[in-house]
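Heads up: the structure comes next, in structure tokens.
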Amino acid sequence: MTERPPSYLFYQGRNRKPVLDQARGVYMWDVDGKRYLDGSSGAMVCNIGHSNHNVLAAMREQMERATFGYRLHFETEASEKLAHMTAARTPEGLNKVFFVSGGSEAVESAMKLARQWAVATGQGQRWKVISRSPSYHGCTLGALAITGYAPLTAPFDPMMRPMPKIPAPRAYLDGLDPDDPITGLHYADMLEECILQEGPETILAFMVEPVGGASTGALVPPAGYMERVREICDTYGILMIADEVMTGVGRTGRFLATEHWGVVPDMIVMSKGYAAGYVPLGAMVAHDRLVDPVLDEGGFQHGFTYAGNPLACAAGVAVLEEVDRQGLCANADAMGAVLKSRLEGLMARYPIIGDVRGKGLLLAFEFVADPHTLAPLPRELKAYDRFVQIAYENGLIVYSRRTRGGIEGDHILVCPPLIVTETHIDEIVEMLDLSLTQFMAEVEPALAV
Ligand code: PMP
């Protein structure tokens, strides 16, 4: 790596990273000329791949016209068009689109709109948002309060109002059959129990990631779960909010992951794939019946300076057009099936892989010390970190966390851009295979002891 002066930048830790030079399609190059295959689309963001010419052209065109117009002063063609395209792609009735700059902002916006709707409709006693553990809904204090992942939340606990959590379904770890609808009911019942225990009249909303993201490692809900939690929310007049920040815009093989179960939430939040990394952008989409009373009562007391930024919206429009033009939802479905079966092939050869799961191109595998007991790898191995490093050195970017459905363990997310071909998948699997061989050689002595 090129010698560099000390950095004034800081993010998580002290480790320096290679300096990015260029990115095209599924590949990225650092300034030393090393090539990486972006096997995690950054953080499951770059769904349409890097440097798409049509998106860049649309952004250039918008930049020549206007890059900023404050939302309380102007509407723009770009923001109107994106709102229209978004409403057309979300379920009937969800026609109100509120722009933000990222996932946490989208989640905050949904929580606050839900609360204002409750106040505007004479249900001021409703304020609790039930969520699941593990889950990830963002890093701002409101979104963090409903995040179920202690390593991220613990330092901030005294600064947040505690919100009720229920366990996220993790059938395989609990020894249950994910395809048996009884399993779905078993986990959904936990929502009802929580509602009854807290007092149904105090519950505002249930926030759910349709397919778990980084917090769970692509855990897919068991049969019947999503349908049943929708019913429970209806029974108690509770809003169902789908956090599709990661799953939205085709990642799981449908435009929205909730479509897999035919479930219609009251609100949907999206971000990552929405502008696919070209600009910071997100959206909260709400049912008309939630927004109208709030507007009637004086308006939504919420909004960010950069909301509806013309450049961001122009990029968003062009990204959605590319998703359609290239048929990326269908490609995610088809290539996801290919990649999943290739990961299962690796699991058959490497007993250190205990589970392969996910939908579309939101896929993960996890490490176990013993495939029968599903015991995790020892913490000291820092497998989640070490494996990612080995893959990185081999030219493959993957994403990982030290958690398996909320308990000890390590999972690795493999989520390439939705433009991947079988040739790219061959390349990904080859690099995973090599990385697994090298990783096994390192950890085997520790496991044998
Ligand atoms: N919700 C989910 C499901 C996410 O995956 C993320 C980001 N990983 C967020 C919310 C927060 O998004 P952001 O980092 O853009 O604020």
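Note on naming: chains are A, B, ... as they come in the structure tokens, residues start from 1 per chain, ligands start from 1 in the order shown.
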Considering only C-alpha atoms and all ligand atoms, give me a table of residues in chain A that are at most 9 Å from ligand 1, with the closest atom pair and distance in Å for each, as a tab-separated table.
residue	atom	partner	partner_atom_place_in_ligand_line	distance
A:Ala43	CA	ligand 1	8 (N)	6.9
A:Met44	CA	ligand 1	8 (N)	8.0
A:Ser101	CA	ligand 1	15 (O)	7.6
A:Gly102	CA	ligand 1	15 (O)	3.9
A:Gly103	CA	ligand 1	12 (O)	3.2
A:Ser104	CA	ligand 1	16 (O)	3.5
A:Glu105	CA	ligand 1	16 (O)	6.2
A:Ala106	CA	ligand 1	10 (C)	7.8
A:Val107	CA	ligand 1	10 (C)	6.6
A:Ser135	CA	ligand 1	3 (C)	7.5
A:Tyr136	CA	ligand 1	2 (C)	5.3
A:His137	CA	ligand 1	1 (N)	3.7
A:Gly138	CA	ligand 1	11 (C)	3.7
A:Cys139	CA	ligand 1	16 (O)	6.3
A:Thr140	CA	ligand 1	16 (O)	7.7
A:Ala143	CA	ligand 1	10 (C)	7.7
A:Thr147	CA	ligand 1	1 (N)	8.8
A:Val208	CA	ligand 1	3 (C)	8.4
A:Glu209	CA	ligand 1	3 (C)	5.8
A:Pro210	CA	ligand 1	3 (C)	8.8
A:Val211	CA	ligand 1	3 (C)	8.6
A:Gly212	CA	ligand 1	3 (C)	7.1
A:Gly213	CA	ligand 1	5 (O)	5.4
A:Ala214	CA	ligand 1	5 (O)	6.3
A:Ser215	CA	ligand 1	5 (O)	8.0
A:Asp243	CA	ligand 1	3 (C)	5.5
A:Glu244	CA	ligand 1	3 (C)	6.1
A:Val245	CA	ligand 1	2 (C)	4.8
A:Met246	CA	ligand 1	5 (O)	4.7
A:Thr247	CA	ligand 1	3 (C)	7.4
A:Val269	CA	ligand 1	1 (N)	8.1
A:Met270	CA	ligand 1	1 (N)	8.1
A:Ser271	CA	ligand 1	15 (O)	6.4
A:Lys272	CA	ligand 1	15 (O)	6.5
A:Pro280	CA	ligand 1	15 (O)	8.0
A:Leu281	CA	ligand 1	15 (O)	8.3
A:Gly282	CA	ligand 1	15 (O)	7.8
| field | Nearest to Leu447 of chain A by atom-to-atom distance, counting only C-alpha atoms, from A:Gln301, A:Asp370, A:Arg60, A:Cys415 | value |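 Ranked by minimum distance to Leu447 of chain A, first place goes to A:Asp370.
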* Asked: Between A:Leu37, A:Leu256, A:Ala330, A:Leu239, which has the minimum distance to Gly25 of chain A (counting only C-alpha atoms)?
  ->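 The answer is A:Leu37, which sits nearest to Gly25 of chain A.
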task = Name the residues of segment 95-309 of chain A that come out as strand (DSSP E) in a backbone DSSP run; write them as a ChimeraX atom specification.
result = /A:96-100,128-133,165-167,203-208,239-244,267-270,282-286
Writer output for current selection, N, CA and C atoms, as a tab-separated table (two decimals), in the first residue's frame:
chain	number	residue	atom	x	y	z
A	96	LYS	N	-48.21	8.59	-0.33
A	96	LYS	CA	-47.60	9.81	0.17
A	96	LYS	C	-46.11	9.54	0.42
A	97	VAL	N	-45.29	10.29	-0.29
A	97	VAL	CA	-43.84	10.03	-0.27
A	97	VAL	C	-43.13	11.21	0.39
A	98	PHE	N	-42.28	10.90	1.35
A	98	PHE	CA	-41.54	11.93	2.10
A	98	PHE	C	-40.06	11.64	1.92
A	99	PHE	N	-39.31	12.59	1.34
A	99	PHE	CA	-37.90	12.32	1.03
A	99	PHE	C	-36.97	12.66	2.19
A	100	VAL	N	-35.94	11.84	2.31
A	100	VAL	CA	-34.91	12.02	3.34
A	100	VAL	C	-33.56	11.70	2.70
A	128	LYS	N	-45.64	3.75	21.88
A	128	LYS	CA	-44.58	2.73	21.88
A	128	LYS	C	-44.45	2.08	20.50
A	129	VAL	N	-43.23	1.92	20.08
A	129	VAL	CA	-42.97	1.22	18.82
A	129	VAL	C	-42.31	-0.11	19.16
A	130	ILE	N	-43.00	-1.18	18.89
A	130	ILE	CA	-42.43	-2.51	19.15
A	130	ILE	C	-41.52	-2.86	17.97
A	131	SER	N	-40.36	-3.43	18.29
A	131	SER	CA	-39.47	-3.91	17.23
A	131	SER	C	-38.91	-5.25	17.68
A	132	ARG	N	-37.93	-5.74	16.95
A	132	ARG	CA	-37.46	-7.09	17.24
A	132	ARG	C	-35.98	-7.07	17.64
A	133	SER	N	-35.57	-8.15	18.25
A	133	SER	CA	-34.17	-8.30	18.61
A	133	SER	C	-33.72	-9.67	18.11
A	165	LYS	N	-39.26	-4.91	22.86
A	165	LYS	CA	-38.68	-5.74	21.79
A	165	LYS	C	-39.22	-7.17	21.92
A	166	ILE	N	-39.40	-7.80	20.77
A	166	ILE	CA	-39.73	-9.23	20.77
A	166	ILE	C	-38.62	-9.96	20.00
A	167	PRO	N	-38.44	-11.27	20.25
A	167	PRO	CA	-37.38	-11.97	19.51
A	167	PRO	C	-37.71	-12.07	18.02
A	203	ILE	N	-49.72	1.09	22.25
A	203	ILE	CA	-48.81	0.70	21.16
A	203	ILE	C	-49.16	1.46	19.88
A	204	LEU	N	-48.15	2.09	19.34
A	204	LEU	CA	-48.30	2.89	18.13
A	204	LEU	C	-48.03	2.06	16.88
A	205	ALA	N	-46.91	1.34	16.89
A	205	ALA	CA	-46.48	0.68	15.65
A	205	ALA	C	-45.61	-0.53	15.93
A	206	PHE	N	-45.52	-1.38	14.91
A	206	PHE	CA	-44.58	-2.50	14.92
A	206	PHE	C	-43.65	-2.30	13.73
A	207	MET	N	-42.36	-2.20	14.01
A	207	MET	CA	-41.36	-1.98	12.96
A	207	MET	C	-40.67	-3.30	12.65
A	208	VAL	N	-40.61	-3.66	11.37
A	208	VAL	CA	-40.06	-4.97	11.03
A	208	VAL	C	-39.23	-4.92	9.75
A	239	LEU	N	-49.96	0.31	13.74
A	239	LEU	CA	-49.40	0.48	12.39
A	239	LEU	C	-48.26	-0.51	12.15
A	240	MET	N	-48.26	-1.10	10.97
A	240	MET	CA	-47.14	-1.99	10.61
A	240	MET	C	-46.21	-1.19	9.69
A	241	ILE	N	-44.98	-1.04	10.14
A	241	ILE	CA	-44.01	-0.27	9.34
A	241	ILE	C	-42.93	-1.25	8.84
A	242	ALA	N	-42.79	-1.33	7.53
A	242	ALA	CA	-41.77	-2.23	6.98
A	242	ALA	C	-40.49	-1.44	6.75
A	243	ASP	N	-39.43	-1.86	7.43
A	243	ASP	CA	-38.12	-1.24	7.20
A	243	ASP	C	-37.48	-1.95	6.02
A	244	GLU	N	-37.69	-1.36	4.85
A	244	GLU	CA	-37.14	-1.94	3.61
A	244	GLU	C	-35.92	-1.13	3.15
A	267	MET	N	-46.78	1.72	6.36
A	267	MET	CA	-45.70	2.62	5.92
A	267	MET	C	-44.53	1.75	5.51
A	268	ILE	N	-43.75	2.30	4.56
A	268	ILE	CA	-42.55	1.60	4.12
A	268	ILE	C	-41.40	2.61	4.13
A	269	VAL	N	-40.25	2.20	4.62
A	269	VAL	CA	-39.08	3.07	4.50
A	269	VAL	C	-38.04	2.38	3.63
A	270	MET	N	-37.42	3.18	2.77
A	270	MET	CA	-36.42	2.66	1.82
A	270	MET	C	-35.24	3.61	1.81
A	282	GLY	N	-33.31	8.71	0.60
A	282	GLY	CA	-34.21	7.71	1.16
A	282	GLY	C	-35.62	8.22	1.07
A	283	ALA	N	-36.58	7.36	1.36
A	283	ALA	CA	-37.98	7.79	1.33
A	283	ALA	C	-38.78	7.07	2.39
A	284	MET	N	-39.77	7.79	2.93
A	284	MET	CA	-40.77	7.17	3.78
A	284	MET	C	-42.07	7.26	2.97
A	285	VAL	N	-42.71	6.13	2.78
A	285	VAL	CA	-43.94	6.11	1.99
A	285	VAL	C	-45.07	5.70	2.93
A	286	ALA	N	-46.12	6.52	2.97
A	286	ALA	CA	-47.19	6.26	3.94
A	286	ALA	C	-48.54	6.21	3.24
